[in-house]
$ cat work38.pdb   # PDB, C-alpha atoms
ATOM      1  CA  MET N   1      26.621 106.974  59.871
ATOM      2  CA  HIS N   2      29.439 108.490  61.942
ATOM      3  CA  HIS N   3      32.903 106.998  62.156
ATOM      4  CA  LEU N   4      33.220 103.909  64.347
ATOM      5  CA  THR N   5      34.535 104.370  67.871
ATOM      6  CA  VAL N   6      37.801 102.801  68.955
ATOM      7  CA  LEU N   7      35.803 100.265  70.989
ATOM      8  CA  ASP N   8      33.771  99.315  67.903
ATOM      9  CA  LEU N   9      36.918  98.983  65.816
ATOM     10  CA  ASP N  10      38.577  96.864  68.489
ATOM     11  CA  ALA N  11      35.488  94.669  68.577
ATOM     12  CA  VAL N  12      35.854  94.152  64.823
ATOM     13  CA  ARG N  13      39.523  93.347  65.322
ATOM     14  CA  ALA N  14      38.652  90.781  67.974
ATOM     15  CA  GLY N  15      36.003  89.225  65.737
ATOM     16  CA  GLU N  16      33.109  90.233  67.955
ATOM     17  CA  PRO N  17      29.659  90.832  66.466
ATOM     18  CA  LEU N  18      28.818  94.330  65.319
ATOM     19  CA  SER N  19      25.799  95.883  63.621
ATOM     20  CA  ALA N  20      25.386  95.568  59.867
ATOM     21  CA  ALA N  21      25.415  99.360  59.574
ATOM     22  CA  ALA N  22      28.772  99.523  61.324
ATOM     23  CA  HIS N  23      30.201  96.870  59.012
ATOM     24  CA  ALA N  24      28.800  98.706  55.986
ATOM     25  CA  HIS N  25      30.412 101.941  57.146
ATOM     26  CA  LEU N  26      33.730 100.223  57.722
ATOM     27  CA  ALA N  27      33.654  98.692  54.251
ATOM     28  CA  ARG N  28      33.604 102.106  52.616
ATOM     29  CA  CYS N  29      35.460 104.358  55.080
ATOM     30  CA  ALA N  30      39.183 104.665  54.492
ATOM     31  CA  ASP N  31      39.691 106.484  57.835
ATOM     32  CA  CYS N  32      38.084 103.712  59.865
ATOM     33  CA  GLN N  33      39.952 101.060  57.843
ATOM     34  CA  GLY N  34      43.186 102.887  58.641
ATOM     35  CA  GLN N  35      42.397 102.980  62.365
ATOM     36  CA  LEU N  36      41.484  99.301  62.288
ATOM     37  CA  ALA N  37      44.822  98.522  60.625
ATOM     38  CA  ASP N  38      46.591 100.474  63.372
ATOM     39  CA  LEU N  39      44.723  98.513  66.062
ATOM     40  CA  VAL N  40      45.645  95.223  64.393
ATOM     41  CA  ALA N  41      49.289  96.322  64.277
ATOM     42  CA  LEU N  42      49.134  97.342  67.952
ATOM     43  CA  ALA N  43      47.624  93.990  68.924
ATOM     44  CA  GLU N  44      50.415  92.231  67.023
ATOM     45  CA  ALA N  45      53.006  94.315  68.834
ATOM     46  CA  LEU N  46      51.454  93.507  72.212
ATOM     47  CA  ARG N  47      51.544  89.805  71.398
ATOM     48  CA  THR N  48      55.299  89.826  71.842
ATOM     49  CA  PRO N  49      56.069  88.592  75.377
ATOM     50  CA  VAL N  50      56.969  91.423  77.714
ATOM     51  CA  ARG N  51      59.360  90.855  80.595
ATOM     52  CA  VAL N  52      58.156  93.005  83.469
ATOM     53  CA  PRO N  53      60.745  93.765  86.151
ATOM     54  CA  ALA N  54      59.712  92.522  89.604
ATOM     55  CA  GLU N  55      59.560  95.982  91.200
ATOM     56  CA  ARG N  56      57.306  97.283  88.416
ATOM     57  CA  GLU N  57      55.059  94.247  88.628
ATOM     58  CA  ALA N  58      54.677  94.924  92.361
ATOM     59  CA  ALA N  59      53.860  98.575  91.640
ATOM     60  CA  ILE N  60      51.260  97.573  89.045
ATOM     61  CA  LEU N  61      49.603  95.137  91.405
ATOM     62  CA  ALA N  62      49.628  97.661  94.234
ATOM     63  CA  ALA N  63      47.990 100.258  91.978
ATOM     64  CA  ALA N  64      45.405  97.724  90.840
ATOM     65  CA  HIS N  65      44.618  96.743  94.440
ATOM     66  CA  ARG N  66      44.239 100.395  95.457
ATOM     67  CA  ARG N  67      41.793 100.958  92.586
ATOM     68  CA  ALA N  68      39.963  97.768  93.457
ATOM     69  CA  ASP N  69      39.625  98.874  97.092
ATOM     70  CA  LEU N  70      38.220 102.201  95.992
ATOM     71  CA  ALA N  71      35.812 100.475  93.661
ATOM     72  CA  ARG N  72      34.476  98.171  96.387
ATOM     73  CA  ARG N  73      32.723 101.168  97.768
ATOM     74  CA  PRO N  74      29.430 102.149  96.028
ATOM     75  CA  GLY N  75      29.538 101.325  92.343
ATOM     76  CA  GLY N  76      29.451  97.527  92.285
ATOM     77  CA  PRO N  77      31.581  94.811  90.696
ATOM     78  CA  ARG N  78      31.260  96.222  87.165
ATOM     79  CA  ARG N  79      33.067  99.350  88.252
ATOM     80  CA  VAL N  80      35.727  97.219  89.922
ATOM     81  CA  ALA N  81      36.322  95.325  86.699
ATOM     82  CA  TRP N  82      36.587  98.503  84.628
ATOM     83  CA  ALA N  83      38.919 100.145  87.085
ATOM     84  CA  LEU N  84      41.097  97.046  87.239
ATOM     85  CA  ALA N  85      41.196  96.696  83.471
ATOM     86  CA  ALA N  86      41.958 100.375  82.965
ATOM     87  CA  SER N  87      44.754 100.440  85.519
ATOM     88  CA  LEU N  88      46.296  97.243  84.145
ATOM     89  CA  LEU N  89      46.127  98.594  80.610
ATOM     90  CA  LEU N  90      47.715 101.883  81.625
ATOM     91  CA  ALA N  91      50.402 100.157  83.599
ATOM     92  CA  LEU N  92      51.149  97.687  80.813
ATOM     93  CA  GLY N  93      51.331 100.529  78.306
ATOM     94  CA  GLY N  94      53.747 102.365  80.575
ATOM     95  CA  VAL N  95      55.948  99.307  80.958
ATOM     96  CA  LEU N  96      55.938  98.715  77.212
ATOM     97  CA  LEU N  97      56.959 102.293  76.505
ATOM     98  CA  TRP N  98      59.622 102.172  79.198
ATOM     99  CA  GLN N  99      60.998  98.889  77.898
ATOM    100  CA  ARG N 100      61.058 100.061  74.277
ATOM    101  CA  HIS N 101      62.753 103.271  75.232
ATOM    102  CA  ARG N 102      65.341 101.304  77.213
ATOM    103  CA  THR N 103      66.039  98.548  74.676
ATOM    104  CA  ASP N 104      65.572 100.235  71.300
ATOM    105  CA  PRO N 105      68.861  99.817  69.430
ATOM    106  CA  PRO N 106      70.366 102.627  67.354
ATOM    107  CA  GLY N 107      68.415 102.878  64.125
ATOM    108  CA  ALA N 108      65.156 101.953  65.788
ATOM    109  CA  GLY N 109      63.746 105.203  64.418
ATOM    110  CA  ALA N 110      64.376 103.950  60.919
ATOM    111  CA  VAL N 111      62.698 100.653  61.772
ATOM    112  CA  ALA N 112      59.700 102.543  63.154
ATOM    113  CA  ALA N 113      59.580 104.700  60.021
ATOM    114  CA  ARG N 114      59.664 101.603  57.848
ATOM    115  CA  SER N 115      56.918 100.096  59.956
ATOM    116  CA  ALA N 116      54.827 103.256  59.551
ATOM    117  CA  ALA N 117      55.443 103.208  55.795
ATOM    118  CA  SER N 118      54.444  99.573  55.739
ATOM    119  CA  ARG N 119      51.208 100.365  57.606
ATOM    120  CA  GLU N 120      50.552 103.223  55.203
ATOM    121  CA  LEU N 121      51.101 100.905  52.268
ATOM    122  CA  GLY N 122      48.777  98.369  53.867
ATOM    123  CA  THR N 123      45.904 100.784  54.278
ATOM    124  CA  ARG N 124      46.313 102.310  50.839
ATOM    125  CA  ASP N 125      46.818  99.084  48.928
ATOM    126  CA  ARG N 126      43.087  98.644  48.361
ATOM    127  CA  ASP N 127      43.345  95.865  45.790
ATOM    128  CA  GLY N 128      45.802  93.934  47.970
ATOM    129  CA  ASP N 129      48.411  93.365  45.274
ATOM    130  CA  GLY N 130      51.218  94.371  47.630
ATOM    131  CA  ARG N 131      51.876  97.796  46.158
ATOM    132  CA  VAL N 132      50.129 101.119  45.823
ATOM    133  CA  THR N 133      49.296 101.973  42.238
ATOM    134  CA  VAL N 134      46.966 104.233  40.304
ATOM    135  CA  LEU N 135      44.376 101.449  40.519
ATOM    136  CA  ASP N 136      44.143 101.986  44.296
ATOM    137  CA  ALA N 137      43.590 105.724  43.793
ATOM    138  CA  PHE N 138      41.081 104.971  41.049
ATOM    139  CA  ALA N 139      39.172 102.527  43.279
ATOM    140  CA  LEU N 140      39.096 105.079  46.093
ATOM    141  CA  ALA N 141      37.840 107.820  43.764
ATOM    142  CA  ARG N 142      35.163 105.556  42.303
ATOM    143  CA  ALA N 143      34.004 104.562  45.794
ATOM    144  CA  ALA N 144      33.892 108.208  46.880
ATOM    145  CA  VAL N 145      31.857 109.233  43.849
ATOM    146  CA  ARG N 146      29.414 106.376  44.396
ATOM    147  CA  ARG N 147      29.004 107.381  48.038
ATOM    148  CA  THR N 148      28.378 111.051  47.457
ATOM    149  CA  PRO N 149      27.596 112.885  44.214
ATOM    150  CA  GLY N 150      30.418 115.365  44.842
ATOM    151  CA  VAL N 151      33.664 114.014  46.270
ATOM    152  CA  ASP N 152      34.417 115.846  49.499
ATOM    153  CA  ARG N 153      37.799 117.372  50.275
ATOM    154  CA  ALA N 154      38.946 114.596  52.580
ATOM    155  CA  ASP N 155      38.305 112.005  49.882
ATOM    156  CA  ALA N 156      40.062 114.109  47.251
ATOM    157  CA  ARG N 157      43.065 114.595  49.539
ATOM    158  CA  GLU N 158      43.310 110.864  50.170
ATOM    159  CA  VAL N 159      43.057 110.109  46.439
ATOM    160  CA  ASP N 160      45.858 112.608  45.795
ATOM    161  CA  ALA N 161      47.949 111.051  48.566
ATOM    162  CA  VAL N 162      47.533 107.558  47.130
ATOM    163  CA  LEU N 163      48.390 108.810  43.650
ATOM    164  CA  ALA N 164      51.487 110.589  44.984
ATOM    165  CA  MET N 165      52.579 107.380  46.680
ATOM    166  CA  ALA N 166      52.015 105.442  43.434
ATOM    167  CA  VAL N 167      54.303 107.694  41.381
ATOM    168  CA  SER N 168      56.915 108.267  44.082
ATOM    169  CA  LEU N 169      60.506 107.542  43.075
ATOM    170  CA  SER N 170      61.703 107.344  46.665
ATOM    171  CA  GLY N 171      61.121 103.626  46.915
ATOM    172  CA  THR N 172      58.520 103.622  49.701
ATOM    173  CA  ASN N 173      56.121 101.687  47.495
TER     174      ASN N 173
ATOM    175  CA  MET R   1      95.910 126.213   2.867
ATOM    176  CA  ALA R   2      92.500 125.143   1.580
ATOM    177  CA  ARG R   3      93.086 121.688   3.042
ATOM    178  CA  LEU R   4      93.920 123.203   6.462
ATOM    179  CA  ALA R   5      90.751 125.338   6.358
ATOM    180  CA  LEU R   6      88.631 122.286   5.551
ATOM    181  CA  THR R   7      90.187 120.309   8.409
ATOM    182  CA  LEU R   8      89.560 123.150  10.857
ATOM    183  CA  LEU R   9      85.971 123.434   9.641
ATOM    184  CA  ALA R  10      85.427 119.688  10.129
ATOM    185  CA  LEU R  11      86.892 119.823  13.647
ATOM    186  CA  LEU R  12      84.751 122.813  14.587
ATOM    187  CA  THR R  13      81.606 121.155  13.224
ATOM    188  CA  SER R  14      82.197 117.896  15.123
ATOM    189  CA  ALA R  15      82.942 119.786  18.354
ATOM    190  CA  SER R  16      79.790 121.803  17.915
ATOM    191  CA  LEU R  17      77.716 118.647  17.341
ATOM    192  CA  ALA R  18      79.253 117.001  20.395
ATOM    193  CA  THR R  19      78.330 119.870  22.721
ATOM    194  CA  ALA R  20      74.932 120.797  21.242
ATOM    195  CA  GLN R  21      72.066 119.890  23.539
ATOM    196  CA  ARG R  22      68.725 118.848  22.208
ATOM    197  CA  TYR R  23      65.192 119.062  23.574
ATOM    198  CA  ARG R  24      63.244 116.069  22.422
ATOM    199  CA  PRO R  25      59.542 115.312  23.005
ATOM    200  CA  VAL R  26      58.911 111.623  23.656
ATOM    201  CA  GLU R  27      55.317 110.645  22.994
ATOM    202  CA  VAL R  28      53.928 107.816  25.101
ATOM    203  CA  TYR R  29      51.182 105.664  23.593
ATOM    204  CA  LEU R  30      48.942 102.973  25.042
ATOM    205  CA  ASP R  31      46.781 100.634  23.014
ATOM    206  CA  SER R  32      43.942  99.048  24.982
ATOM    207  CA  GLY R  33      42.284  97.521  21.935
ATOM    208  CA  THR R  34      38.509  97.651  22.024
ATOM    209  CA  VAL R  35      38.340  98.223  25.791
ATOM    210  CA  PRO R  36      38.092 101.814  27.025
ATOM    211  CA  LEU R  37      41.124 102.921  29.004
ATOM    212  CA  ALA R  38      40.266 104.532  32.377
ATOM    213  CA  ALA R  39      43.507 104.340  34.358
ATOM    214  CA  TYR R  40      47.163 103.720  33.716
ATOM    215  CA  GLN R  41      50.518 103.830  35.455
ATOM    216  CA  LEU R  42      53.822 103.348  33.662
ATOM    217  CA  GLU R  43      57.502 104.007  34.085
ATOM    218  CA  LEU R  44      59.698 105.703  31.492
ATOM    219  CA  ILE R  45      63.459 105.407  31.766
ATOM    220  CA  ALA R  46      65.956 107.321  29.660
ATOM    221  CA  THR R  47      69.307 105.538  29.910
ATOM    222  CA  GLY R  48      72.260 107.754  29.117
ATOM    223  CA  ASP R  49      72.771 111.469  29.185
ATOM    224  CA  ALA R  50      69.218 112.753  29.610
ATOM    225  CA  GLN R  51      67.132 114.907  31.882
ATOM    226  CA  ILE R  52      63.356 114.987  32.034
ATOM    227  CA  VAL R  53      62.244 118.602  31.902
ATOM    228  CA  GLY R  54      58.470 118.486  31.508
ATOM    229  CA  VAL R  55      55.326 116.401  31.129
ATOM    230  CA  GLU R  56      52.287 117.064  28.941
ATOM    231  CA  GLY R  57      48.906 115.392  28.865
ATOM    232  CA  GLY R  58      47.596 113.243  26.041
ATOM    233  CA  ASP R  59      45.245 113.501  23.083
ATOM    234  CA  ALA R  60      42.025 112.134  24.565
ATOM    235  CA  PRO R  61      39.993 114.632  26.617
ATOM    236  CA  ALA R  62      39.974 112.113  29.485
ATOM    237  CA  PHE R  63      43.771 112.319  29.681
ATOM    238  CA  ALA R  64      44.359 115.845  28.416
ATOM    239  CA  GLU R  65      45.696 117.027  31.777
ATOM    240  CA  PRO R  66      49.302 116.137  32.599
ATOM    241  CA  PRO R  67      49.451 112.856  34.533
ATOM    242  CA  ALA R  68      50.637 112.627  38.138
ATOM    243  CA  TYR R  69      54.379 112.244  38.637
ATOM    244  CA  ASP R  70      56.994 112.753  41.323
ATOM    245  CA  PRO R  71      58.570 116.216  40.885
ATOM    246  CA  ALA R  72      61.886 114.596  41.837
ATOM    247  CA  ALA R  73      61.799 112.956  38.407
ATOM    248  CA  LEU R  74      62.570 116.290  36.804
ATOM    249  CA  ALA R  75      66.144 116.010  38.030
ATOM    250  CA  GLY R  76      66.856 112.714  36.314
ATOM    251  CA  GLY R  77      65.990 110.279  33.578
ATOM    252  CA  ARG R  78      63.349 108.152  35.266
ATOM    253  CA  ILE R  79      59.689 108.984  35.806
ATOM    254  CA  ILE R  80      56.491 107.207  36.821
ATOM    255  CA  LEU R  81      53.349 108.578  35.196
ATOM    256  CA  ALA R  82      49.837 107.814  36.428
ATOM    257  CA  ALA R  83      46.362 109.088  35.641
ATOM    258  CA  PHE R  84      42.772 107.973  35.811
ATOM    259  CA  SER R  85      39.470 109.288  34.563
ATOM    260  CA  LEU R  86      36.013 108.953  36.090
ATOM    261  CA  ARG R  87      34.299 109.744  32.801
ATOM    262  CA  ASP R  88      31.754 107.391  31.267
ATOM    263  CA  ALA R  89      33.117 104.560  29.160
ATOM    264  CA  ALA R  90      31.875 106.264  25.994
ATOM    265  CA  GLU R  91      34.176 109.215  26.675
ATOM    266  CA  LEU R  92      37.289 107.147  27.322
ATOM    267  CA  PRO R  93      39.882 106.406  24.628
ATOM    268  CA  ARG R  94      40.047 103.028  22.915
ATOM    269  CA  GLY R  95      42.705 101.641  20.621
ATOM    270  CA  ARG R  96      46.049 103.386  20.326
ATOM    271  CA  THR R  97      46.129 106.755  22.012
ATOM    272  CA  ARG R  98      48.824 109.184  23.100
ATOM    273  CA  ILE R  99      48.432 109.443  26.856
ATOM    274  CA  ALA R 100      51.347 111.787  27.575
ATOM    275  CA  THR R 101      54.395 113.494  26.158
ATOM    276  CA  VAL R 102      57.603 113.716  28.162
ATOM    277  CA  HIS R 103      60.109 116.406  27.241
ATOM    278  CA  ILE R 104      63.718 115.383  27.495
ATOM    279  CA  ARG R 105      66.887 117.455  27.482
ATOM    280  CA  GLU R 106      69.713 115.584  25.837
ATOM    281  CA  PRO R 107      73.034 117.294  26.510
ATOM    282  CA  GLY R 108      75.029 114.644  24.673
ATOM    283  CA  ALA R 109      74.473 111.481  22.732
ATOM    284  CA  PRO R 110      70.835 110.412  22.362
ATOM    285  CA  PRO R 111      69.737 108.239  25.321
ATOM    286  CA  ARG R 112      67.970 104.906  25.072
ATOM    287  CA  PHE R 113      64.332 104.870  26.175
ATOM    288  CA  THR R 114      62.415 102.066  27.794
ATOM    289  CA  VAL R 115      58.835 102.046  29.018
ATOM    290  CA  ARG R 116      57.253  99.602  31.444
ATOM    291  CA  LEU R 117      53.572  99.330  32.246
ATOM    292  CA  HIS R 118      52.829  99.140  36.002
ATOM    293  CA  ALA R 119      49.039  98.943  35.912
ATOM    294  CA  ALA R 120      46.007  99.849  33.842
ATOM    295  CA  SER R 121      42.290  99.303  34.005
ATOM    296  CA  GLY R 122      38.997  99.888  32.310
ATOM    297  CA  PRO R 123      36.205 102.030  33.784
ATOM    298  CA  ASP R 124      34.988  99.154  35.966
ATOM    299  CA  GLY R 125      38.396  98.814  37.622
ATOM    300  CA  VAL R 126      39.179  95.487  35.960
ATOM    301  CA  PRO R 127      42.923  95.376  35.165
ATOM    302  CA  LEU R 128      44.031  95.661  31.541
ATOM    303  CA  THR R 129      47.354  95.061  29.834
ATOM    304  CA  PRO R 130      47.495  97.604  27.029
ATOM    305  CA  THR R 131      50.552  97.605  24.804
ATOM    306  CA  THR R 132      52.973 100.486  25.241
ATOM    307  CA  SER R 133      54.966 102.316  22.587
ATOM    308  CA  LEU R 134      57.049 105.445  22.300
ATOM    309  CA  VAL R 135      57.446 107.875  19.426
ATOM    310  CA  LEU R 136      60.658 109.883  19.596
ATOM    311  CA  GLU R 137      60.284 113.214  17.919
ATOM    312  CA  GLN R 138      63.261 114.759  16.155
ATOM    313  CA  GLY R 139      63.686 117.485  18.760
ATOM    314  CA  ASP R 140      65.189 120.926  18.489
ATOM    315  CA  PRO R 141      68.906 121.501  18.968
ATOM    316  CA  THR R 142      69.807 124.617  20.909
TER     317      THR R 142
END

$ encode --input "work38.pdb" --output "structure tokens"
Amino acid sequence: MHHLTVLDLDAVRAGEPLSAAAHAHLARCADCQGQLADLVALAEALRTPVRVPAEREAAILAAAHRRADLARRPGGPRRVAWALAASLLLALGGVLLWQRHRTDPPGAGAVAARSAASRELGTRDRDGDGRVTVLDAFALARAAVRRTPGVDRADAREVDAVLAMAVSLSGTN
Amino acid sequence: MARLALTLLALLTSASLATAQRYRPVEVYLDSGTVPLAAYQLELIATGDAQIVGVEGGDAPAFAEPPAYDPAALAGGRIILAAFSLRDAAELPRGRTRIATVHIREPGAPPRFTVRLHAASGPDGVPLTPTTSLVLEQGDPT
């Protein structure tokens, strides 16, 4: 089976039903698990209340109304809903980015780097013991060998990356 | 005169011993008892005047290749070693086995070595707690 789409992964994140094949793929695909972890982190970040300035709120609503007007022409209510959702999502994303850029204190880069390292640790800590060790690389290698007789390059690279993280002296683990 | 010569000789000898650097192999052993050892990760720390200069693999064919380590360790006295093998259980070492040798440069007084196990497992991935031990070879002065 191919990798899951972002919509499939977001459905998993939201607890919506998905095919057994998709779940089986997710259980053994480190890439898809990584993307799912990113989506979960994004959803957590979006949960923080966002204060939208009045003028931007007005601009968002105006854009949404324009799209809705366009969509009332041939295409039906489904198209209206998609257009509205897409424009709201885009606008919200823009506001979030603008607000972060405006309010990020000095050192926010370091915080972001730590957050990225934390996400990396989360996706590579396969046994969930809170750290990345050789056992995580070993589990990944065993899973890859079980899946395919010869481990492909992507799997081997990921195993090497996990092992490198396990022996790192830089304190990221 | 003879007494002066002896004193000078003693001073020269002690100075020479103080500045001589030594390269010492430190053998790292794990003992997993009757369970085959498939993966391990441990930390070796040399406290004192020491520099890690190289890492060798172990005795068992499953761990004959040098284990993974951070190249940054070669500048200091602390290293994390990790390796695993996907071989069948019958080909994995049991009991006490040398899993690696770490070569140490000792510019001065001999350092103190400590080893700490981070993780280990059998071929099925079930965690193990093998005992660790070090054997300090005599080393060659240069």

$ closest_atom_pairs --input "work38.pdb" --of "chain N" --to "chain R" --cutoff "8 Å" --atoms "all atoms listed in the file" --output "Markdown table"
| residue | atom | partner | partner_atom | distance |
| --- | --- | --- | --- | --- |
| N:Thr133 | CA | R:Ala119 | CA | 7.0 |
| N:Val134 | CA | R:Ala82 | CA | 6.0 |
| N:Leu135 | CA | R:Ala39 | CA | 6.9 |
| N:Phe138 | CA | R:Phe84 | CA | 6.3 |
| N:Ala139 | CA | R:Gly125 | CA | 6.8 |
| N:Ala141 | CA | R:Leu86 | CA | 8.0 |
| N:Arg142 | CA | R:Leu86 | CA | 7.1 |
| N:Leu163 | CA | R:Ala68 | CA | 7.1 |
| N:Ala164 | CA | R:Asp70 | CA | 7.0 |
| N:Ala166 | CA | R:Ala82 | CA | 7.7 |
| N:Val167 | CA | R:Ile80 | CA | 5.1 |
| N:Ser168 | CA | R:Asp70 | CA | 5.3 |
| N:Leu169 | CA | R:Asp70 | CA | 6.5 |

$ write_last_selection --input "work38.pdb" --atoms "C-alpha atoms" --output "short mmCIF file (atom, residue, chain, number, x, y, z; two decimals), in the coordinates of the input"
data_model
loop_
_atom_site.label_atom_id
_atom_site.label_comp_id
_atom_site.auth_asym_id
_atom_site.auth_seq_id
_atom_site.Cartn_x
_atom_site.Cartn_y
_atom_site.Cartn_z
CA THR N 133 49.30 101.97 42.24
CA VAL N 134 46.97 104.23 40.30
CA LEU N 135 44.38 101.45 40.52
CA PHE N 138 41.08 104.97 41.05
CA ALA N 139 39.17 102.53 43.28
CA ALA N 141 37.84 107.82 43.76
CA ARG N 142 35.16 105.56 42.30
CA LEU N 163 48.39 108.81 43.65
CA ALA N 164 51.49 110.59 44.98
CA ALA N 166 52.02 105.44 43.43
CA VAL N 167 54.30 107.69 41.38
CA SER N 168 56.92 108.27 44.08
CA LEU N 169 60.51 107.54 43.08
#

$ resolve_selection --input "work38.pdb" --expression "the PyMOL selection byres ((chain R and resi 104) around 7)" --output "VMD selection string"
chain R and resid 23 to 25 50 to 53 102 to 103 105 to 106

$ atom_distance --input "work38.pdb" --atom1 "atom CA of Val159 of chain N" --atom2 "atom CA of Leu42 of chain N"
25.7 Å

$ atom_distance --input "work38.pdb" --atom1 "atom CA of Arg87 of chain R" --atom2 "atom CA of Ala64 of chain R"
12.6 Å

$ atom_distance --input "work38.pdb" --atom1 "atom CA of Pro61 of chain R" --atom2 "atom CA of Gly33 of chain R"
17.9 Å

$ residues_around --input "work38.pdb" --residues "Asp136 of chain N" --least-positions-apart "5" --cutoff "7 Å" --atoms "all atoms listed in the file" --output "count of residues only"
4

$ resolve_selection --input "work38.pdb" --expression "the PyMOL selection byres ((chain N and resi 26) around 12)" --output "list in words"
Met1, His2, His3, Leu4, Thr5, Asp8, Leu9, Val12, Arg13, Leu18, Ser19, Ala20, Ala21, Ala22, His23, Ala24, His25, Ala27, Arg28, Cys29, Ala30, Asp31, Cys32, Gln33, Gly34, Gln35, Leu36 and Ala37 of chain N

$ write_last_selection --input "work38.pdb" --atoms "C-alpha atoms" --output "PDB file, in the frame of the given file"
ATOM      1  CA  MET N   1      26.621 106.974  59.871  1.00  0.00           C
ATOM      2  CA  HIS N   2      29.439 108.490  61.942  1.00  0.00           C
ATOM      3  CA  HIS N   3      32.903 106.998  62.156  1.00  0.00           C
ATOM      4  CA  LEU N   4      33.220 103.909  64.347  1.00  0.00           C
ATOM      5  CA  THR N   5      34.535 104.370  67.871  1.00  0.00           C
ATOM      6  CA  ASP N   8      33.771  99.315  67.903  1.00  0.00           C
ATOM      7  CA  LEU N   9      36.918  98.983  65.816  1.00  0.00           C
ATOM      8  CA  VAL N  12      35.854  94.152  64.823  1.00  0.00           C
ATOM      9  CA  ARG N  13      39.523  93.347  65.322  1.00  0.00           C
ATOM     10  CA  LEU N  18      28.818  94.330  65.319  1.00  0.00           C
ATOM     11  CA  SER N  19      25.799  95.883  63.621  1.00  0.00           C
ATOM     12  CA  ALA N  20      25.386  95.568  59.867  1.00  0.00           C
ATOM     13  CA  ALA N  21      25.415  99.360  59.574  1.00  0.00           C
ATOM     14  CA  ALA N  22      28.772  99.523  61.324  1.00  0.00           C
ATOM     15  CA  HIS N  23      30.201  96.870  59.012  1.00  0.00           C
ATOM     16  CA  ALA N  24      28.800  98.706  55.986  1.00  0.00           C
ATOM     17  CA  HIS N  25      30.412 101.941  57.146  1.00  0.00           C
ATOM     18  CA  ALA N  27      33.654  98.692  54.251  1.00  0.00           C
ATOM     19  CA  ARG N  28      33.604 102.106  52.616  1.00  0.00           C
ATOM     20  CA  CYS N  29      35.460 104.358  55.080  1.00  0.00           C
ATOM     21  CA  ALA N  30      39.183 104.665  54.492  1.00  0.00           C
ATOM     22  CA  ASP N  31      39.691 106.484  57.835  1.00  0.00           C
ATOM     23  CA  CYS N  32      38.084 103.712  59.865  1.00  0.00           C
ATOM     24  CA  GLN N  33      39.952 101.060  57.843  1.00  0.00           C
ATOM     25  CA  GLY N  34      43.186 102.887  58.641  1.00  0.00           C
ATOM     26  CA  GLN N  35      42.397 102.980  62.365  1.00  0.00           C
ATOM     27  CA  LEU N  36      41.484  99.301  62.288  1.00  0.00           C
ATOM     28  CA  ALA N  37      44.822  98.522  60.625  1.00  0.00           C
TER      29      ALA N  37
END

$ resolve_selection --input "work38.pdb" --expression "the PyMOL selection byres ((chain R and resi 112) around 9)" --output "MDAnalysis selection string"
chainID R and resid 45:48 110:111 113:114

$ closest_residue --input "work38.pdb" --among "R:Ala75, R:Thr132, R:Ala100, R:Arg94" --to "Glu27 of chain R" --atoms "all atoms listed in the file"
R:Ala100

$ axis_aligned_box --input "work38.pdb" --around "segment 34-45 of chain N" --padding-each-side "6 Å" --output "AutoDock Vina command-line options"
--center_x 47.2 --center_y 97.6 --center_z 63.8 --size_x 23.5 --size_y 22.7 --size_z 22.3

$ closest_residue --input "work38.pdb" --among "R:Glu91, R:Asp59, R:Glu137, R:Glu65" --to "Tyr29 of chain R" --atoms "all atoms listed in the file"
R:Asp59
